[in-house]
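Comments concern the structure below.
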Amino acid sequence: MSDTALATAATAAELEPVGEDSPRGAAVLRELLRKPRFVLSALAILVIALMAAFPRLFTATDPTVCDLKLSKGAPSAAHWFGYDIQGCDYYANVIYGARPSVLVSVSVCVVGFAVACVLGMLAGYFPGFVDSLVSRTADVLFALPGLVAMIVILQAFSSRSVWTIAFVIVLLGWPAGMRLMRSTVLSVRTREYVLASRALGAGAQHILRVHILPNSVAPLLAMTTLTVGAAVGTEAALTFLGIGLQPPTISWGLQIAIAASYRDDVHLFLFPALLLTITVMAFMITGDTVRDALDPKLKR
Amino acid sequence: MNRPMAAEPLLDVRDLSVEFDTRAGRLRAVDFVSWTLHRGRTLVILGESGSGKSVSTQAITGILDSPPGHVTGGQALFDGMDLLTLTERARRGVVGSRISLVFQDALSALNPVHTVGRQIAELYRVHRGTSRSDAMKRAAEMLDRVGIPGARGRVHDYPHQFSGGMRQRVMIAMALALGPEVLIADEPTTALDVTVQAQILELLAEIQADTDMGVVLITHDLAVAAEIADDLVVMYAGRVVESGATADVLGDPQHPYTQGLLQSVPSAERRGQDLPAIPGTPPDLMRLPSGCPFRPRCPHAHDRCVTERPALQPAPGELRFGACHLLDQPLSPEGAAR
Amino acid sequence: MLRFALRRLLIMIPIAVIVTFLVYAMVFALPGDPIRALSGQKPLAESVIAAKRAYYHLNDPLFVQYLHFMGNLLKGDLGQTFDGQDIGEQLALRWPVTLQLGLTALAIQLVLGLVSGVYAGWRRDGLVDRALLGATLGVLAVPGLVAMFFAQSFFAVELSWFPVSGATDGWPGSYLLPATVLGVLGFAGLARVTRTSIAEVASADFVRTARAKGLAPNRILWGHVLRNAMLPVITYIGLDLAGILGGAIITEGIYNLNGIGQFMFRSIAMKEGGVVVTLSTVLLLGYMLVNLVVDLLYGLLDPRVRHV
């Protein structure tokens, strides 16, 4: 492809009023920062992310140092959250429990977005074999009830980590995002600036990167932010069912599962459930506000 | 062409104004628009998209999306009633039966999940209380009347099973079902092929000849207007810039915009010459220029056009109106009046 | 319509075959001894292992094994758990529990979701609409697991309004609380989809036509908007049955309702992979069948789909 063609294609891209389809990053951020809902939930996410990355910032206690004599001890001034059944400090345990939730949500978000984005672009831009392959695969996966399918797949793993769970959630979750991306790409690929670029001899890779991607990514981005919270909840549910994370991993899902058998000791359930709820809620509200900002057309 | 001057007007629209709430503020989509429709005549409202021609008829019939649209002034007199001040319920008794509408895109204007028969029959059932089977029978008669072959069987078909032209006939059958006195057709042929377009216009003319109803036809197509209009209203940027009998308006256009439109029609006489187009684009209603809205595109614009908006005033000829400062002066060739 | 139904069925069959085969292959084709994998850490007698190998035809090629497995499944022979319970008999005992739970939850979800969604969408940006958006965001933000435990602790244990666990009170007593939690959790998504769909259809051209026909608002809503707006909603409900199914598995575990979900829950705890696979296969097939019905319902409502 000649330089002129590239330059012309680039001009065509500039001519396209990106601002009309998807507001630019800085503007979006400014709009978001004006909303207290967004600021609060983003702050909550920040705190939980810190908790996951540097639990020692929040507690000096080692969550694995336990004393069975203190088993199920109630909350006190020194030990705010009390003790778990093994007599470990529950506050430290709950703090350390943030990590799996955050890892699952972040990896599902990033990997899921990337997979849906790439496959959606390919399916939308290359009709015929590629589209059929991707779309039919998605159809099959879409025809599955999520939790049952996850149980089946996880059943095949003898030991399961955060990554196994993230993998399964992405594996069964990408079709929704792919379909959204595909339909956006389908509408973008027939726009004048894409046709012009193609007529000028631009290659598929160039067109996809320069024209298609920037103009069709917003809806998927908005959708992805909304699924993060759901991923956290799914991890907890799987773990509760006994097919998710396993001890000695420290996670909220595991803590809730154990608390299920000790219903008289409310604190065992209360604290991980509270943190889990705050996390999911923070992700949901952030996602909701980001979606509104990114895609005014989707505004409900 | 005989003109029933003295006759009572069928539908008399006076100083209609409609505003829209937008993100950027309020804009005036229809600004003091007036026109009069007579029995048995066809009035064509001609204008580009955004000139307010559809909005004005939607406002009269109460189907304007509100919000964001608001009627802010004017009257629409029909049979002694002002349609704009009627109660919802009273207006529903008029719209659909005595005044009916045909829309541009029949595919999206018909309900996709009901048979066309049911959609026509609904009118008889709601307005006349006809029984279900009788209503269906009359729906079939209507389909037959608008020239749909095999009408009796086709009442059970869905809109998507008809071709574009046939669908528009269904739309017309629906509008004519209750024998309206006024038919408002909003770009009824724009989405159709040229040959089908001619058939539909012919159908409308035939029916009008049979029934003596008044037809308001909205179009952006000067050729369509020239063909079927008895009276012509030319709109620009939400305002009427010129109105009168078609022969007068097209034969001796008073407003520079109408002149521009006429000049941009290809003709055999000017073969080989460049087609003069009106320079520039229609204005953004949020940012209307001061004075006359057509000023930036007008070859005759002068100082007065910047400061003062020309009002719609009587123009030479019978029942003719125009909105231009140069109306009282003979227009010289291109730009000479500057 | 018959052609449409047949076509949907023909599309579904290969998907069902692929899915059930994948499920089967995933567990039985893994490296290592599948019997060991299926039985977890428990030591097994040689005779039991031999019987299991014979039952699963593990000495045949994978595809033949699968055919045997599916053949038995369709004949109603689902095999046994390690402690000798017949899976088929268990299912026969348990499916009414799951069905009662699921249907009650679905009914609650449909009534709440459709009524609020239709109202909010029809009066868009009204008070109900704004309240609904806030409420649904709140519901979506609470993890199902937490909601179920909380409801049990609060309404059953603290307030004693409902039995804490078990299905001994029968319907509705034992089912009301878990089904309400499931239904309310599902209502949020349904209400939002319904609202958006109604609002979208309300601004469609044919609704303007209906107004131009002089129809009253109520007639426009019931006669013209609703049926069109229900099309995406029906698709959503079909997909959302997965949510109810997944929720039922968790709920039955928490509330100790002896349905299929609890069976699944127990089998996972006992590390009985074979039972999990069998149950999953049954649930997958059942879910697909229900979605086929949903598809047909869609065709019934939308002539455009039917006539393609």
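Chains: A, B, ... in order of the structure tokens. Residues: from 1 per chain. Ligands: from 1, in order shown.
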
Would you mind writing down, as a PyMOL selection string, each residue of segment 74-217 of chain B that DSSP on the backbone assigns to strand (DSSP E or B)? chain B and resi 74-78+81-82+95+99-102+182-186+214-217

Distance filter 6 Å, only C-alpha atoms, chain A against chain C, as a count of residues only: 10

Find the residues in chain C near chain B: any atom within 8 Å counts, using only C-alpha atoms. Write them as a ChimeraX atom specification. /C:204-209,211-216,224,227-228,301-304

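Residues with any atom within 10 Å of Ile95 of chain A, counting only C-alpha atoms and excluding same-chain neighbours fewer than 4 positions away, are A:Ile48, A:Met51, A:Ala52, A:Phe54, A:Pro55, A:Arg56, A:Leu57, A:Phe58, A:Thr59, A:Pro63, A:Tyr90, A:Tyr91, A:Arg99, A:Ile250, A:Ser251, A:Trp252, A:Phe271, A:Pro272, A:Leu275.
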
Please produce a file of those selected residues containing N, CA and C atoms, as a PDB file, in the first residue's frame.
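Once everything was written out, this is result-v5.pdb:
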ATOM      1  N   ILE A  48     -10.414  -1.807  47.218  1.00  0.00           N
ATOM      2  CA  ILE A  48     -10.413  -3.270  47.163  1.00  0.00           C
ATOM      3  C   ILE A  48      -9.227  -3.776  46.340  1.00  0.00           C
ATOM      4  N   MET A  51      -6.323  -3.665  48.509  1.00  0.00           N
ATOM      5  CA  MET A  51      -6.446  -4.785  49.441  1.00  0.00           C
ATOM      6  C   MET A  51      -5.908  -6.062  48.794  1.00  0.00           C
ATOM      7  N   ALA A  52      -6.218  -6.224  47.521  1.00  0.00           N
ATOM      8  CA  ALA A  52      -5.793  -7.426  46.815  1.00  0.00           C
ATOM      9  C   ALA A  52      -4.291  -7.404  46.552  1.00  0.00           C
ATOM     10  N   PHE A  54      -1.859  -5.302  48.041  1.00  0.00           N
ATOM     11  CA  PHE A  54      -1.012  -5.125  49.227  1.00  0.00           C
ATOM     12  C   PHE A  54      -1.826  -5.329  50.493  1.00  0.00           C
ATOM     13  N   PRO A  55      -2.186  -6.575  50.780  1.00  0.00           N
ATOM     14  CA  PRO A  55      -3.016  -6.799  51.977  1.00  0.00           C
ATOM     15  C   PRO A  55      -2.332  -6.283  53.241  1.00  0.00           C
ATOM     16  N   ARG A  56      -1.009  -6.209  53.212  1.00  0.00           N
ATOM     17  CA  ARG A  56      -0.306  -5.784  54.420  1.00  0.00           C
ATOM     18  C   ARG A  56      -0.557  -4.323  54.753  1.00  0.00           C
ATOM     19  N   LEU A  57      -1.024  -3.575  53.793  1.00  0.00           N
ATOM     20  CA  LEU A  57      -1.385  -2.193  54.069  1.00  0.00           C
ATOM     21  C   LEU A  57      -2.541  -2.140  55.051  1.00  0.00           C
ATOM     22  N   PHE A  58      -3.346  -3.192  55.056  1.00  0.00           N
ATOM     23  CA  PHE A  58      -4.577  -3.166  55.839  1.00  0.00           C
ATOM     24  C   PHE A  58      -4.480  -3.974  57.129  1.00  0.00           C
ATOM     25  N   THR A  59      -3.567  -4.935  57.155  1.00  0.00           N
ATOM     26  CA  THR A  59      -3.439  -5.725  58.370  1.00  0.00           C
ATOM     27  C   THR A  59      -2.009  -6.224  58.514  1.00  0.00           C
ATOM     28  N   PRO A  63      -2.763 -14.152  58.272  1.00  0.00           N
ATOM     29  CA  PRO A  63      -4.059 -14.844  58.330  1.00  0.00           C
ATOM     30  C   PRO A  63      -3.913 -16.340  58.594  1.00  0.00           C
ATOM     31  N   TYR A  90     -10.072 -13.216  61.736  1.00  0.00           N
ATOM     32  CA  TYR A  90     -10.977 -13.198  60.587  1.00  0.00           C
ATOM     33  C   TYR A  90     -10.786 -11.945  59.744  1.00  0.00           C
ATOM     34  N   TYR A  91     -10.455 -10.828  60.412  1.00  0.00           N
ATOM     35  CA  TYR A  91     -10.216  -9.584  59.679  1.00  0.00           C
ATOM     36  C   TYR A  91      -9.100  -9.785  58.654  1.00  0.00           C
ATOM     37  N   ARG A  99      -8.054 -10.874  47.195  1.00  0.00           N
ATOM     38  CA  ARG A  99      -7.207 -11.123  46.038  1.00  0.00           C
ATOM     39  C   ARG A  99      -7.864 -12.006  44.969  1.00  0.00           C
ATOM     40  N   ILE A 250      -7.396 -18.413  50.270  1.00  0.00           N
ATOM     41  CA  ILE A 250      -8.299 -17.625  51.105  1.00  0.00           C
ATOM     42  C   ILE A 250      -9.198 -16.831  50.178  1.00  0.00           C
ATOM     43  N   SER A 251     -10.504 -17.096  50.241  1.00  0.00           N
ATOM     44  CA  SER A 251     -11.406 -16.331  49.376  1.00  0.00           C
ATOM     45  C   SER A 251     -12.743 -16.151  50.058  1.00  0.00           C
ATOM     46  N   TRP A 252     -13.456 -15.091  49.630  1.00  0.00           N
ATOM     47  CA  TRP A 252     -14.754 -14.788  50.228  1.00  0.00           C
ATOM     48  C   TRP A 252     -15.751 -15.914  49.962  1.00  0.00           C
ATOM     49  N   PHE A 271     -19.061 -10.709  57.361  1.00  0.00           N
ATOM     50  CA  PHE A 271     -17.969  -9.886  56.834  1.00  0.00           C
ATOM     51  C   PHE A 271     -17.563 -10.223  55.401  1.00  0.00           C
ATOM     52  N   PRO A 272     -17.351 -11.509  55.087  1.00  0.00           N
ATOM     53  CA  PRO A 272     -17.043 -11.773  53.663  1.00  0.00           C
ATOM     54  C   PRO A 272     -18.206 -11.389  52.753  1.00  0.00           C
ATOM     55  N   LEU A 275     -18.123  -7.607  52.181  1.00  0.00           N
ATOM     56  CA  LEU A 275     -17.058  -7.211  51.257  1.00  0.00           C
ATOM     57  C   LEU A 275     -17.390  -7.627  49.828  1.00  0.00           C
TER      58      LEU A 275
END

Taking only C-alpha atoms into account, name the residue in A:Arg179, A:Arg189, A:Arg136, A:Arg198 that is nearest to Leu213 of chain A.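 For Leu213 of chain A, the nearest of the given residues is A:Arg189.
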
Which residues are near segment 221-235 of chain B? Cut-off 6 Å, only C-alpha atoms, ignore same chain within fewer than 5 positions. Put them as a VMD selection string. chain B and resid 42 to 47 51 240 to 246

Mind the document's chain letters and residue numbers, and return as a CSV table (one decimal) with N, CA and C atoms, in the first residue's frame the residues of segment 22-167 of chain A that DSSP labels helix (DSSP H, G or I).
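What landed in states-v5.csv:
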chain,number,residue,atom,x,y,z
A,25,GLY,N,-11.9,9.9,25.0
A,25,GLY,CA,-11.5,9.5,26.4
A,25,GLY,C,-11.6,10.6,27.4
A,26,ALA,N,-10.9,11.7,27.1
A,26,ALA,CA,-10.8,12.7,28.1
A,26,ALA,C,-12.2,13.3,28.5
A,27,ALA,N,-13.0,13.5,27.5
A,27,ALA,CA,-14.4,14.0,27.7
A,27,ALA,C,-15.2,13.0,28.6
A,28,VAL,N,-15.0,11.7,28.2
A,28,VAL,CA,-15.8,10.7,29.0
A,28,VAL,C,-15.4,10.8,30.5
A,29,LEU,N,-14.1,10.9,30.7
A,29,LEU,CA,-13.6,10.9,32.1
A,29,LEU,C,-14.1,12.1,32.8
A,30,ARG,N,-14.0,13.3,32.1
A,30,ARG,CA,-14.5,14.5,32.8
A,30,ARG,C,-16.0,14.3,33.2
A,31,GLU,N,-16.8,13.8,32.3
A,31,GLU,CA,-18.2,13.6,32.6
A,31,GLU,C,-18.4,12.7,33.8
A,32,LEU,N,-17.6,11.6,33.8
A,32,LEU,CA,-17.7,10.6,34.8
A,32,LEU,C,-17.3,11.2,36.2
A,33,LEU,N,-16.3,12.0,36.2
A,33,LEU,CA,-15.8,12.5,37.5
A,33,LEU,C,-16.8,13.5,38.1
A,36,PRO,N,-21.1,11.8,41.4
A,36,PRO,CA,-20.7,11.2,42.7
A,36,PRO,C,-20.8,9.7,42.8
A,37,ARG,N,-21.8,9.1,42.1
A,37,ARG,CA,-22.0,7.7,42.1
A,37,ARG,C,-20.7,7.0,41.5
A,38,PHE,N,-20.2,7.6,40.4
A,38,PHE,CA,-19.0,7.0,39.8
A,38,PHE,C,-17.8,7.2,40.7
A,39,VAL,N,-17.6,8.4,41.3
A,39,VAL,CA,-16.5,8.6,42.1
A,39,VAL,C,-16.4,7.7,43.3
A,40,LEU,N,-17.6,7.5,44.0
A,40,LEU,CA,-17.7,6.7,45.1
A,40,LEU,C,-17.4,5.2,44.8
A,41,SER,N,-18.0,4.7,43.7
A,41,SER,CA,-17.8,3.3,43.4
A,41,SER,C,-16.4,3.1,42.9
A,42,ALA,N,-15.8,4.0,42.2
A,42,ALA,CA,-14.5,3.9,41.7
A,42,ALA,C,-13.5,3.9,42.9
A,43,LEU,N,-13.8,4.7,43.9
A,43,LEU,CA,-13.0,4.7,45.1
A,43,LEU,C,-13.0,3.4,45.8
A,44,ALA,N,-14.2,2.8,45.9
A,44,ALA,CA,-14.4,1.5,46.5
A,44,ALA,C,-13.5,0.5,45.8
A,45,ILE,N,-13.6,0.5,44.4
A,45,ILE,CA,-12.8,-0.5,43.6
A,45,ILE,C,-11.3,-0.3,43.9
A,46,LEU,N,-10.9,1.0,44.0
A,46,LEU,CA,-9.5,1.3,44.3
A,46,LEU,C,-9.0,0.7,45.6
A,47,VAL,N,-9.9,0.9,46.6
A,47,VAL,CA,-9.5,0.3,47.9
A,47,VAL,C,-9.4,-1.2,47.9
A,48,ILE,N,-10.4,-1.8,47.2
A,48,ILE,CA,-10.4,-3.3,47.2
A,48,ILE,C,-9.2,-3.8,46.3
A,49,ALA,N,-8.9,-3.0,45.3
A,49,ALA,CA,-7.7,-3.4,44.5
A,49,ALA,C,-6.5,-3.3,45.3
A,50,LEU,N,-6.4,-2.3,46.1
A,50,LEU,CA,-5.2,-2.1,47.0
A,50,LEU,C,-5.1,-3.3,48.0
A,51,MET,N,-6.3,-3.7,48.5
A,51,MET,CA,-6.4,-4.8,49.4
A,51,MET,C,-5.9,-6.1,48.8
A,52,ALA,N,-6.2,-6.2,47.5
A,52,ALA,CA,-5.8,-7.4,46.8
A,52,ALA,C,-4.3,-7.4,46.6
A,53,ALA,N,-3.8,-6.2,46.2
A,53,ALA,CA,-2.4,-6.2,45.8
A,53,ALA,C,-1.5,-6.1,47.1
A,55,PRO,N,-2.2,-6.6,50.8
A,55,PRO,CA,-3.0,-6.8,52.0
A,55,PRO,C,-2.3,-6.3,53.2
A,56,ARG,N,-1.0,-6.2,53.2
A,56,ARG,CA,-0.3,-5.8,54.4
A,56,ARG,C,-0.6,-4.3,54.8
A,57,LEU,N,-1.0,-3.6,53.8
A,57,LEU,CA,-1.4,-2.2,54.1
A,57,LEU,C,-2.5,-2.1,55.1
A,68,LEU,N,-6.6,-22.8,67.6
A,68,LEU,CA,-7.9,-23.5,67.6
A,68,LEU,C,-8.7,-23.1,68.9
A,69,LYS,N,-8.1,-22.7,70.0
A,69,LYS,CA,-8.8,-22.4,71.2
A,69,LYS,C,-9.7,-21.2,70.9
A,70,LEU,N,-9.3,-20.4,69.9
A,70,LEU,CA,-10.1,-19.1,69.7
A,70,LEU,C,-11.2,-19.4,68.6
A,90,TYR,N,-10.1,-13.2,61.7
A,90,TYR,CA,-11.0,-13.2,60.6
A,90,TYR,C,-10.8,-11.9,59.7
A,91,TYR,N,-10.5,-10.8,60.4
A,91,TYR,CA,-10.2,-9.6,59.7
A,91,TYR,C,-9.1,-9.8,58.7
A,92,ALA,N,-8.0,-10.4,59.1
A,92,ALA,CA,-6.9,-10.6,58.2
A,92,ALA,C,-7.3,-11.5,57.1
A,93,ASN,N,-8.1,-12.5,57.4
A,93,ASN,CA,-8.6,-13.5,56.4
A,93,ASN,C,-9.5,-12.8,55.4
A,94,VAL,N,-10.4,-12.0,55.8
A,94,VAL,CA,-11.3,-11.3,54.9
A,94,VAL,C,-10.5,-10.4,54.0
A,95,ILE,N,-9.5,-9.7,54.6
A,95,ILE,CA,-8.6,-8.8,53.8
A,95,ILE,C,-7.9,-9.6,52.7
A,96,TYR,N,-7.3,-10.7,53.1
A,96,TYR,CA,-6.6,-11.5,52.1
A,96,TYR,C,-7.5,-12.2,51.1
A,98,ALA,N,-9.7,-10.8,49.4
A,98,ALA,CA,-10.0,-9.9,48.3
A,98,ALA,C,-9.2,-10.3,47.0
A,99,ARG,N,-8.1,-10.9,47.2
A,99,ARG,CA,-7.2,-11.1,46.0
A,99,ARG,C,-7.9,-12.0,45.0
A,100,PRO,N,-8.4,-13.2,45.3
A,100,PRO,CA,-9.0,-14.0,44.3
A,100,PRO,C,-10.1,-13.3,43.6
A,101,SER,N,-11.0,-12.6,44.3
A,101,SER,CA,-12.1,-11.9,43.7
A,101,SER,C,-11.6,-10.9,42.6
A,102,VAL,N,-10.6,-10.1,43.1
A,102,VAL,CA,-10.1,-9.1,42.2
A,102,VAL,C,-9.4,-9.7,41.0
A,103,LEU,N,-8.6,-10.8,41.2
A,103,LEU,CA,-7.9,-11.4,40.1
A,103,LEU,C,-8.8,-12.0,39.1
A,104,VAL,N,-9.9,-12.6,39.6
A,104,VAL,CA,-10.9,-13.2,38.7
A,104,VAL,C,-11.5,-12.1,37.9
A,105,SER,N,-11.9,-11.0,38.6
A,105,SER,CA,-12.7,-10.0,37.9
A,105,SER,C,-11.8,-9.3,36.8
A,106,VAL,N,-10.5,-9.0,37.2
A,106,VAL,CA,-9.7,-8.3,36.3
A,106,VAL,C,-9.3,-9.2,35.1
A,107,SER,N,-9.0,-10.4,35.4
A,107,SER,CA,-8.6,-11.3,34.2
A,107,SER,C,-9.8,-11.6,33.3
A,108,VAL,N,-11.0,-11.8,33.9
A,108,VAL,CA,-12.2,-12.0,33.1
A,108,VAL,C,-12.4,-10.8,32.2
A,109,CYS,N,-12.3,-9.6,32.9
A,109,CYS,CA,-12.5,-8.4,32.2
A,109,CYS,C,-11.6,-8.2,31.0
A,110,VAL,N,-10.3,-8.3,31.3
A,110,VAL,CA,-9.3,-8.1,30.2
A,110,VAL,C,-9.3,-9.1,29.1
A,111,VAL,N,-9.2,-10.4,29.6
A,111,VAL,CA,-9.1,-11.5,28.6
A,111,VAL,C,-10.5,-11.6,27.8
A,112,GLY,N,-11.6,-11.5,28.6
A,112,GLY,CA,-12.9,-11.6,27.9
A,112,GLY,C,-13.1,-10.5,26.9
A,113,PHE,N,-12.7,-9.3,27.3
A,113,PHE,CA,-12.8,-8.2,26.3
A,113,PHE,C,-12.0,-8.5,25.1
A,114,ALA,N,-10.7,-8.9,25.3
A,114,ALA,CA,-9.8,-9.1,24.2
A,114,ALA,C,-10.4,-10.2,23.2
A,115,VAL,N,-10.8,-11.3,23.8
A,115,VAL,CA,-11.3,-12.4,23.0
A,115,VAL,C,-12.6,-11.9,22.2
A,116,ALA,N,-13.5,-11.3,22.9
A,116,ALA,CA,-14.7,-10.9,22.3
A,116,ALA,C,-14.4,-9.9,21.2
A,117,CYS,N,-13.5,-9.0,21.5
A,117,CYS,CA,-13.2,-7.9,20.5
A,117,CYS,C,-12.6,-8.5,19.3
A,118,VAL,N,-11.5,-9.3,19.4
A,118,VAL,CA,-10.8,-9.9,18.3
A,118,VAL,C,-11.8,-10.8,17.4
A,119,LEU,N,-12.5,-11.7,18.1
A,119,LEU,CA,-13.3,-12.6,17.4
A,119,LEU,C,-14.5,-11.8,16.8
A,120,GLY,N,-15.0,-10.8,17.5
A,120,GLY,CA,-16.1,-10.1,16.9
A,120,GLY,C,-15.7,-9.3,15.7
A,121,MET,N,-14.5,-8.7,15.7
A,121,MET,CA,-14.0,-8.0,14.6
A,121,MET,C,-13.8,-8.9,13.4
A,122,LEU,N,-13.2,-10.1,13.7
A,122,LEU,CA,-13.0,-11.1,12.6
A,122,LEU,C,-14.3,-11.5,12.0
A,123,ALA,N,-15.2,-11.9,12.8
A,123,ALA,CA,-16.5,-12.4,12.4
A,123,ALA,C,-17.3,-11.3,11.6
A,124,GLY,N,-17.2,-10.1,12.1
A,124,GLY,CA,-17.9,-9.0,11.5
A,124,GLY,C,-17.3,-8.5,10.2
A,125,TYR,N,-16.0,-8.6,10.1
A,125,TYR,CA,-15.3,-8.1,8.9
A,125,TYR,C,-15.1,-9.1,7.8
A,129,PHE,N,-16.5,-18.0,5.7
A,129,PHE,CA,-16.0,-19.0,6.6
A,129,PHE,C,-15.7,-18.6,8.0
A,130,VAL,N,-14.9,-17.5,8.1
A,130,VAL,CA,-14.5,-17.0,9.4
A,130,VAL,C,-15.7,-16.7,10.3
A,131,ASP,N,-16.7,-16.0,9.7
A,131,ASP,CA,-17.9,-15.6,10.4
A,131,ASP,C,-18.7,-16.8,10.8
A,132,SER,N,-18.8,-17.8,9.9
A,132,SER,CA,-19.6,-19.0,10.2
A,132,SER,C,-19.0,-19.7,11.4
A,133,LEU,N,-17.6,-19.9,11.3
A,133,LEU,CA,-16.9,-20.6,12.3
A,133,LEU,C,-17.1,-20.0,13.7
A,134,VAL,N,-16.9,-18.7,13.7
A,134,VAL,CA,-17.0,-18.0,15.0
A,134,VAL,C,-18.4,-18.0,15.5
A,135,SER,N,-19.3,-17.6,14.6
A,135,SER,CA,-20.7,-17.5,15.0
A,135,SER,C,-21.3,-18.8,15.4
A,136,ARG,N,-21.0,-19.8,14.7
A,136,ARG,CA,-21.7,-21.1,15.0
A,136,ARG,C,-21.1,-21.6,16.4
A,137,THR,N,-19.8,-21.4,16.6
A,137,THR,CA,-19.2,-21.8,17.9
A,137,THR,C,-19.9,-21.1,19.0
A,138,ALA,N,-20.1,-19.8,18.8
A,138,ALA,CA,-20.8,-19.0,19.8
A,138,ALA,C,-22.2,-19.5,20.0
A,139,ASP,N,-22.9,-19.9,18.9
A,139,ASP,CA,-24.3,-20.4,19.0
A,139,ASP,C,-24.3,-21.6,20.0
A,140,VAL,N,-23.3,-22.5,19.8
A,140,VAL,CA,-23.3,-23.7,20.6
A,140,VAL,C,-23.1,-23.3,22.1
A,141,LEU,N,-22.1,-22.4,22.3
A,141,LEU,CA,-21.8,-22.0,23.7
A,141,LEU,C,-23.0,-21.3,24.3
A,142,PHE,N,-23.7,-20.5,23.4
A,142,PHE,CA,-24.8,-19.7,23.9
A,142,PHE,C,-26.0,-20.5,24.3
A,146,GLY,N,-25.2,-21.4,31.7
A,146,GLY,CA,-23.9,-21.1,32.2
A,146,GLY,C,-23.4,-21.9,33.4
A,147,LEU,N,-24.1,-21.9,34.5
A,147,LEU,CA,-23.5,-22.5,35.7
A,147,LEU,C,-23.4,-24.0,35.5
A,148,VAL,N,-24.3,-24.7,34.8
A,148,VAL,CA,-24.2,-26.1,34.6
A,148,VAL,C,-23.0,-26.4,33.7
A,149,ALA,N,-22.8,-25.6,32.7
A,149,ALA,CA,-21.6,-25.8,31.8
A,149,ALA,C,-20.3,-25.6,32.6
A,150,MET,N,-20.3,-24.6,33.4
A,150,MET,CA,-19.1,-24.3,34.2
A,150,MET,C,-18.8,-25.5,35.1
A,151,ILE,N,-19.9,-26.0,35.7
A,151,ILE,CA,-19.7,-27.2,36.6
A,151,ILE,C,-19.0,-28.3,35.9
A,152,VAL,N,-19.6,-28.6,34.7
A,152,VAL,CA,-19.1,-29.7,33.9
A,152,VAL,C,-17.6,-29.5,33.6
A,153,ILE,N,-17.2,-28.3,33.1
A,153,ILE,CA,-15.8,-28.1,32.8
A,153,ILE,C,-14.9,-28.1,34.0
A,154,LEU,N,-15.3,-27.5,35.0
A,154,LEU,CA,-14.5,-27.4,36.2
A,154,LEU,C,-14.3,-28.8,36.8
A,155,GLN,N,-15.3,-29.6,36.6
A,155,GLN,CA,-15.3,-31.0,37.1
A,155,GLN,C,-14.0,-31.7,36.6
A,162,VAL,N,-7.5,-19.6,40.7
A,162,VAL,CA,-8.2,-18.4,40.2
A,162,VAL,C,-8.2,-18.4,38.6
A,163,TRP,N,-7.1,-18.9,38.1
A,163,TRP,CA,-7.0,-18.8,36.6
A,163,TRP,C,-7.9,-19.8,35.9
A,164,THR,N,-8.1,-21.0,36.6
A,164,THR,CA,-9.0,-22.0,36.0
A,164,THR,C,-10.4,-21.4,35.9
A,165,ILE,N,-10.8,-20.7,37.0
A,165,ILE,CA,-12.1,-20.2,37.1
A,165,ILE,C,-12.3,-19.0,36.1
A,166,ALA,N,-11.3,-18.2,36.0
A,166,ALA,CA,-11.4,-17.1,35.1
A,166,ALA,C,-11.5,-17.6,33.7
A,167,PHE,N,-10.7,-18.7,33.4
A,167,PHE,CA,-10.7,-19.3,32.1
A,167,PHE,C,-12.1,-19.8,31.7

Which polymer residues have any atom within 9 Å of an atom of Asp31 of chain B, counting only C-alpha atoms, with same-chain residues fewer than 4 positions away left out, as an MDAnalysis selection string? chainID B and resid 15:19 52 237:240

Generate a file of the selected residues that holds C-alpha atoms, formatted as a tab-separated table (two decimals), in the first residue's frame.
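See selection20.tsv below for the written result:
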chain	number	residue	atom	x	y	z
B	15	ASP	CA	-49.74	30.89	12.37
B	16	LEU	CA	-48.79	27.42	13.53
B	17	SER	CA	-45.60	27.28	15.60
B	18	VAL	CA	-43.89	24.19	16.93
B	19	GLU	CA	-40.80	24.03	19.11
B	52	GLY	CA	-40.66	21.63	9.12
B	237	ALA	CA	-36.18	26.56	7.71
B	238	GLY	CA	-39.55	26.13	9.40
B	239	ARG	CA	-41.21	29.02	7.55
B	240	VAL	CA	-43.44	29.44	4.57

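One finds atom CA of Ala323 of chain B at 13.4 Å from atom CA of His300 of chain B.
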
Any idea what's packed within 8 Å of Val194 of chain A, counting only C-alpha atoms, ignoring anything in its chain fewer than 5 positions away? Could you give it as a ChimeraX atom specification? /A:188-189,207,211-212
